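Peer 1: Following this message is one structure expressed as structure tokens.
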Amino acid sequence: MTKNKKIVRYRKPFHLNIGVIVFGIILIYIMFYMYSYFTSTYTSMYEVVQGRIAVNNSYTGLALREEQVITCNDTGSINYYVKEASKVGAGDLIYSVDTDGAIAKQINLANEDSSILNTENLEQIQHMISEYSGKYQSESFYEVYTFKNDLNAEISEALSMNALNSISDEVLWAEGNSTFHKGNAIRDGIVVYYTDGFEDVTVDSFTPDMFNKANYTKNNLKDKSNIEASNPVYKLITSENWNLVIPINQDTSRQLQKYSTVRLRFKKDNTVLRASFTILEKEGNEYLVVSMTNSMIRFATDRFIEVEILFDEESGLKIPNSSIIEKNFYIIPMEYFQKGNNSSAAGIVIHRVDKNGNITEDFVTPTIYFTTETGYYVDSENLFAGDKIIKPDSSETYIVHETGKLEGVYCINKGYAVFKQIDIIYQNAEYSIIRSGTDYGVDLYDHIALDGSTIVEDTIINE
């Protein structure tokens with residue numbers, strides 16, 4: 001019997017491998033996710049926070065006053081009897097000129113002998129020292145030098161006057177021989193002993209180049225012991241009214257628009273003063289002109305004055321300037337809004353005629369972004385220029401045409417961009433402080449687009 005050698009291959013039954021299927025699905029998902037990641041545009045987000053910006057600005061102002069330069073009538077040795085930045089009355093003795101030098105020599109010798117100070121002089125000097133000691137603070141040590149100069153001037157004035165009185169007979173004889181001449185104040189005012197060429201400059205006549213200190217020259221009239229006839233001998237400031245002209249930047253100018261007065265801190269003595277002001281524009285630059293009626297005597301010897309413009313700390317919601325954009329809206333009068341379609345939302349009835357002449361009246365509820373006393377700012381989603389809006393319970397109509405711009409940001413809380421208007425309180429180079437709690441505005445902890453210029457409204461946002 002012959003054996004059958006035919007062999008039949010055994011086929012294994014097909015088994016579905018769930019693990020392979022799952023792995024394949026995961027692989028496809030990962031590949032799709034990676035493709036989406038590298039091809040999608042991502043938006044950087046900023047969370048709105050409570051913030052504040054302390055607004056203090058340091059500037060140098062140009063002091064403009066009513067000043068009168070007095071010239072000398074004689075030539076000779078000069079002595080002064082009034083310390084600088086002192087008030088004088090008409091007729092008060094300010095200086096003397098000795099043409100032969102005899103009287104002046106005696107006065108100068110007397111200035112070296114403090115023993116001739118009388119009781120009144122010593123009491124005045126003691127009062128100055130006590131007053132300064134009482135208000136001295138270590139953080140204002142720089143004021144010691146100012147006090148030293150004031151004290152020296154007080155002593156020199158007292159010594160000169162005492163010396164002049166002690167040789168009254170010689171003075172009368174010299175006056176009779178026209179070799180000694182007294183210079184009395186021509187009117188009341190504040191005496192200063194310098195000139196700089198700015199005496200006749202006013203708010204109307206100043207120029208931008210005057211603020212360049214490199215070109216400024218101050219002529220000290222007390223530097224010389226001799227004087228020539230017709231030369232300036234002293235200067236009188238004849239009014240307490242004065243102006244401080246301060247070059248300012250656009251941010252400061254904008255911030256000042258909402259104020260009627262301004263607070264200044266004078267760095268010289270750290271005092272604070274509030275005064276009225278105006279803003280002038282000259283040759284493309286803006287200037288703050290502060291008008292004051294007091295405190296002038298403290299700065300009578302200064303032409304340039306260092307100040308800080310003090311604003312209150314501005315607080316509100318803090319956002320980056322890069323988020324801010326402008327958007328155009330239609331402005332619709334309030335009286336054309338009504339409620340309809342069983343909704344509490346305010347809307348308008350639009351009267352339209354299609355190309356076939358068919359008339360439709362549609363009730364739409366446009367999104368309101370801002371409210372004025374007379375109208376609403378709405379977007380163009382359901383409106384077009386030229387649309388006719390019907391006034392409720394009336395035959396009056398309004399043609400959509402008026403537009404206005406709003407500043408705002410794109411809010412991305414819901415995963416898509418929604419415009420929200422903002423009210424800027426203060427703005428510097430990087431951030432803005434906006435008012436919180438405004439209608440249709442931004443709230444604390446809202447998420448907004450960091451760069452508003454890259455956003456398309458109502459699009460899905462990938463963060």
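Within each chain, counting starts at residue 1; across the structure tokens, chains are named A, B, ... in the order shown, with ligands numbered 1 upward in that order.
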Neighbours of A:Cys72 within 7 Å (only C-alpha atoms; same-chain residues fewer than 3 positions away dropped), as number ranges by chain?
Peer 2: A: 229-233
Peer 1: So that I can see what lies close to A:Ile332, please list as a ChimeraX atom specification the residues with an atom at most 9 Å from it, counting only C-alpha atoms and leaving out residues fewer than 6 positions away in the same chain.
Peer 2: /A:374-378,398,400-403
Peer 1: Pick from A:Leu383, A:Val201, A:Ile389, A:Ile103: nearest to A:Pro333, with only C-alpha atoms counted?
Peer 2: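 Of A:Leu383, A:Val201, A:Ile389, A:Ile103, the one nearest A:Pro333 is A:Ile389, counting only C-alpha atoms.
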Peer 1: Set the distance at 7 Å and use only C-alpha atoms: which residues neighbour stretch 452-455 of chain A once local chain neighbours fewer than 3 positions away are removed? I'd like the list as JSON, numbers by chain.
Peer 2: {"A": [322, 323, 324, 325, 409, 410, 449]}
Peer 1: Those selected residues, please, written with C-alpha atoms and delivered as a PDB file, in the first residue's frame.
Peer 2:
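And here is the file that came out, out.pdb:
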```
ATOM      1  CA  SER A 322       1.139  96.343  23.195  1.00  0.00           C
ATOM      2  CA  SER A 323      -2.372  95.016  23.905  1.00  0.00           C
ATOM      3  CA  ILE A 324      -4.082  98.288  23.008  1.00  0.00           C
ATOM      4  CA  ILE A 325      -5.649  98.735  19.580  1.00  0.00           C
ATOM      5  CA  VAL A 409      -8.056  95.255  23.938  1.00  0.00           C
ATOM      6  CA  TYR A 410      -8.989  91.755  22.780  1.00  0.00           C
ATOM      7  CA  ALA A 449      -4.043  89.277  23.975  1.00  0.00           C
TER       8      ALA A 449
END
```
Peer 1: What is the distance, in Å and to one decimal place, between atom CA of A:Ser380 and atom CA of A:Gly357?
Peer 2: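 Rounded to one decimal, the two atoms are 23.6 Å apart.
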Peer 1: Can you measure atom CA of A:Lys218 to atom CA of A:Lys83 for me? One decimal in Å is fine.
Peer 2: 18.0 Å
Peer 1: Provide the atom CA of A:Asn249 to atom CA of A:Gln427 distance in Å, to one decimal place.
Peer 2: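 For atom CA of A:Asn249 relative to atom CA of A:Gln427, the distance reads 12.6 Å.
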Peer 1: Near A:Ser58, within 12 Å and counting only C-alpha atoms, which residues show up once chain neighbours fewer than 6 positions away are dropped, as a list in words?
Peer 2: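 Using only C-alpha atoms, the neighbours found are Ile246, Pro247, Ile248, Asn249, Thr252, Leu264, Arg265, Phe266, Lys267, Ile305, Glu306, Val307, Glu308, Ile309, Leu310 and Phe311 of chain A.
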Peer 1: Could you pull out the strand (DSSP E or B) residues of stretch 130-340 of chain A, going by DSSP on the backbone, and write them as a PyMOL selection string?
Peer 2: chain A and resi 180-184+189-192+194-195+219-220+226-227+232-237+242-248+261-266+271-282+285-292+304-310+314-320+325-333+338-339
Peer 1: Take the selection from the previous step and output its residues with C-alpha atoms, as a compact mmCIF listing (two decimals), in the first residue's frame.
Peer 2:
```txt
# COMPACT_ATOMS: atom_id res chain seq x y z
CA PHE A 180 31.83 159.50 48.35
CA HIS A 181 28.45 158.59 46.83
CA LYS A 182 25.62 156.55 48.34
CA GLY A 183 23.40 154.36 46.19
CA ASN A 184 19.85 154.16 47.48
CA GLY A 189 11.85 145.31 45.69
CA ILE A 190 14.22 142.40 46.22
CA VAL A 191 17.94 143.01 45.70
CA VAL A 192 20.14 140.56 43.79
CA TYR A 194 23.93 139.26 39.24
CA THR A 195 22.96 139.79 35.61
CA ASN A 219 27.74 137.79 35.86
CA ASN A 220 28.36 138.20 39.60
CA ASN A 226 35.88 148.59 41.95
CA ILE A 227 33.18 149.68 39.55
CA PRO A 232 25.41 147.37 36.44
CA VAL A 233 25.63 147.68 40.22
CA TYR A 234 22.63 145.64 41.39
CA LYS A 235 19.27 144.35 40.22
CA LEU A 236 15.80 144.83 41.66
CA ILE A 237 13.03 142.24 41.37
CA TRP A 242 6.71 135.25 38.61
CA ASN A 243 6.59 132.37 36.11
CA LEU A 244 8.45 129.10 35.81
CA VAL A 245 8.67 127.79 32.24
CA ILE A 246 9.31 124.03 32.07
CA PRO A 247 9.89 121.98 28.88
CA ILE A 248 7.74 118.84 29.14
CA THR A 261 -3.45 123.30 39.05
CA VAL A 262 -0.13 121.53 39.38
CA ARG A 263 1.98 120.55 42.39
CA LEU A 264 5.71 121.19 42.24
CA ARG A 265 8.45 120.00 44.58
CA PHE A 266 11.44 122.36 44.54
CA THR A 271 9.23 122.50 49.56
CA VAL A 272 5.99 121.74 47.72
CA LEU A 273 3.84 124.40 46.08
CA ARG A 274 0.57 124.23 44.15
CA ALA A 275 -0.11 126.78 41.41
CA SER A 276 -2.15 127.41 38.29
CA PHE A 277 -0.61 126.71 34.90
CA THR A 278 -0.97 126.83 31.14
CA ILE A 279 0.62 124.71 28.41
CA LEU A 280 2.26 126.49 25.48
CA GLU A 281 3.54 125.08 22.21
CA LYS A 282 6.53 126.79 20.64
CA ASN A 285 7.97 121.80 21.75
CA GLU A 286 5.53 121.91 24.67
CA TYR A 287 6.11 124.02 27.77
CA LEU A 288 4.42 124.06 31.15
CA VAL A 289 4.10 127.66 32.34
CA VAL A 290 3.48 127.78 36.10
CA SER A 291 2.26 131.14 37.42
CA MET A 292 3.04 131.92 41.06
CA PHE A 304 17.30 127.61 36.46
CA ILE A 305 15.28 125.76 39.07
CA GLU A 306 15.12 121.97 39.49
CA VAL A 307 11.59 120.74 40.21
CA GLU A 308 9.49 117.59 40.30
CA ILE A 309 5.98 117.66 38.86
CA LEU A 310 3.94 115.69 41.36
CA GLU A 314 -2.59 106.48 39.53
CA SER A 315 -4.22 103.16 40.40
CA GLY A 316 -6.49 100.90 38.40
CA LEU A 317 -6.06 97.93 36.10
CA LYS A 318 -2.60 97.57 34.64
CA ILE A 319 -2.21 96.39 31.04
CA PRO A 320 0.70 96.43 28.54
CA ILE A 325 -5.65 98.73 19.58
CA GLU A 326 -8.17 101.11 17.99
CA LYS A 327 -11.36 99.97 16.30
CA ASN A 328 -14.05 101.81 14.32
CA PHE A 329 -17.71 101.58 15.32
CA TYR A 330 -21.03 102.90 14.14
CA ILE A 331 -22.69 105.38 16.50
CA ILE A 332 -26.46 104.88 16.75
CA PRO A 333 -28.72 107.34 18.66
CA GLN A 338 -36.04 99.11 21.64
CA LYS A 339 -36.76 95.67 23.06
```
Peer 1: With a distance cut-off of 12 Å and only C-alpha atoms, select the neighbouring residues of A:Asp209, excluding the residue or stretch itself and same-chain residues fewer than 4 positions from it, and output the selection as a PyMOL selection string.
Peer 2: chain A and resi 62+205+213-216+247+282-283+285
Peer 1: Give the helix (DSSP H, G or I) residues of stretch 210-418 of chain A, as assigned by DSSP on the backbone, as a ChimeraX atom specification.
Peer 2: /A:210-211,213-215,250-256,296-299,321-323,334-336
Peer 1: I want to know what sits within 9 Å of stretch 437-442 of chain A, based on only C-alpha atoms, with residues of the same chain fewer than 3 positions away left out; could you give that as a PDB file with N, CA and C atoms, in the first residue's frame?
Peer 2:
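Done, and the output landed in selection.pdb:
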```pdb
ATOM      1  N   VAL A  48      -4.963  90.455  33.342  1.00  0.00           N
ATOM      2  CA  VAL A  48      -5.154  91.819  33.854  1.00  0.00           C
ATOM      3  C   VAL A  48      -5.043  91.811  35.373  1.00  0.00           C
ATOM      4  N   LEU A 317      -6.476  99.182  36.711  1.00  0.00           N
ATOM      5  CA  LEU A 317      -6.059  97.928  36.104  1.00  0.00           C
ATOM      6  C   LEU A 317      -4.849  98.192  35.222  1.00  0.00           C
ATOM      7  N   ILE A 368     -23.205  96.143  22.007  1.00  0.00           N
ATOM      8  CA  ILE A 368     -22.881  97.513  22.413  1.00  0.00           C
ATOM      9  C   ILE A 368     -21.513  97.504  23.099  1.00  0.00           C
ATOM     10  N   TYR A 369     -20.616  98.372  22.628  1.00  0.00           N
ATOM     11  CA  TYR A 369     -19.258  98.419  23.158  1.00  0.00           C
ATOM     12  C   TYR A 369     -18.994  99.653  24.019  1.00  0.00           C
ATOM     13  N   PHE A 370     -19.806 100.684  23.869  1.00  0.00           N
ATOM     14  CA  PHE A 370     -19.578 101.912  24.629  1.00  0.00           C
ATOM     15  C   PHE A 370     -20.843 102.758  24.561  1.00  0.00           C
ATOM     16  N   THR A 371     -21.073 103.526  25.633  1.00  0.00           N
ATOM     17  CA  THR A 371     -22.265 104.362  25.720  1.00  0.00           C
ATOM     18  C   THR A 371     -21.874 105.804  25.976  1.00  0.00           C
ATOM     19  N   GLY A 408      -9.160  99.902  22.871  1.00  0.00           N
ATOM     20  CA  GLY A 408      -9.544  98.714  23.606  1.00  0.00           C
ATOM     21  C   GLY A 408      -8.527  97.608  23.479  1.00  0.00           C
ATOM     22  N   VAL A 409      -8.907  96.443  23.985  1.00  0.00           N
ATOM     23  CA  VAL A 409      -8.056  95.255  23.938  1.00  0.00           C
ATOM     24  C   VAL A 409      -8.926  94.084  23.510  1.00  0.00           C
ATOM     25  N   CYS A 411     -10.174  90.547  24.495  1.00  0.00           N
ATOM     26  CA  CYS A 411     -10.332  89.632  25.622  1.00  0.00           C
ATOM     27  C   CYS A 411     -10.469  88.211  25.071  1.00  0.00           C
ATOM     28  N   LYS A 420     -12.967  94.690  23.825  1.00  0.00           N
ATOM     29  CA  LYS A 420     -13.530  95.406  24.968  1.00  0.00           C
ATOM     30  C   LYS A 420     -12.853  96.762  25.067  1.00  0.00           C
ATOM     31  N   GLN A 421     -13.668  97.805  25.225  1.00  0.00           N
ATOM     32  CA  GLN A 421     -13.119  99.159  25.286  1.00  0.00           C
ATOM     33  C   GLN A 421     -12.476  99.416  26.632  1.00  0.00           C
ATOM     34  N   ILE A 422     -11.542 100.399  26.657  1.00  0.00           N
ATOM     35  CA  ILE A 422     -10.826 100.747  27.882  1.00  0.00           C
ATOM     36  C   ILE A 422     -10.819 102.263  28.051  1.00  0.00           C
ATOM     37  N   ASP A 423     -10.684 102.700  29.290  1.00  0.00           N
ATOM     38  CA  ASP A 423     -10.566 104.118  29.622  1.00  0.00           C
ATOM     39  C   ASP A 423      -9.208 104.318  30.294  1.00  0.00           C
ATOM     40  N   ILE A 434      -5.736 101.617  33.454  1.00  0.00           N
ATOM     41  CA  ILE A 434      -7.087 101.863  32.932  1.00  0.00           C
ATOM     42  C   ILE A 434      -8.083 101.810  34.080  1.00  0.00           C
ATOM     43  N   TYR A 445      -8.424  90.208  36.313  1.00  0.00           N
ATOM     44  CA  TYR A 445      -8.082  88.817  35.997  1.00  0.00           C
ATOM     45  C   TYR A 445      -8.591  88.353  34.633  1.00  0.00           C
ATOM     46  N   ASP A 446      -9.147  89.259  33.837  1.00  0.00           N
ATOM     47  CA  ASP A 446      -9.447  88.893  32.452  1.00  0.00           C
ATOM     48  C   ASP A 446      -8.155  88.526  31.733  1.00  0.00           C
ATOM     49  N   ILE A 448      -6.221  88.828  28.276  1.00  0.00           N
ATOM     50  CA  ILE A 448      -6.243  89.624  27.056  1.00  0.00           C
ATOM     51  C   ILE A 448      -5.038  89.263  26.196  1.00  0.00           C
TER      52      ILE A 448
END
```
Peer 1: Nearest to A:Ala429: which of A:Glu335, A:Gln250, A:Lys388, A:Ala174 is it, counting only C-alpha atoms?
Peer 2: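 With only C-alpha atoms as the atom set, the closest residue is A:Gln250.
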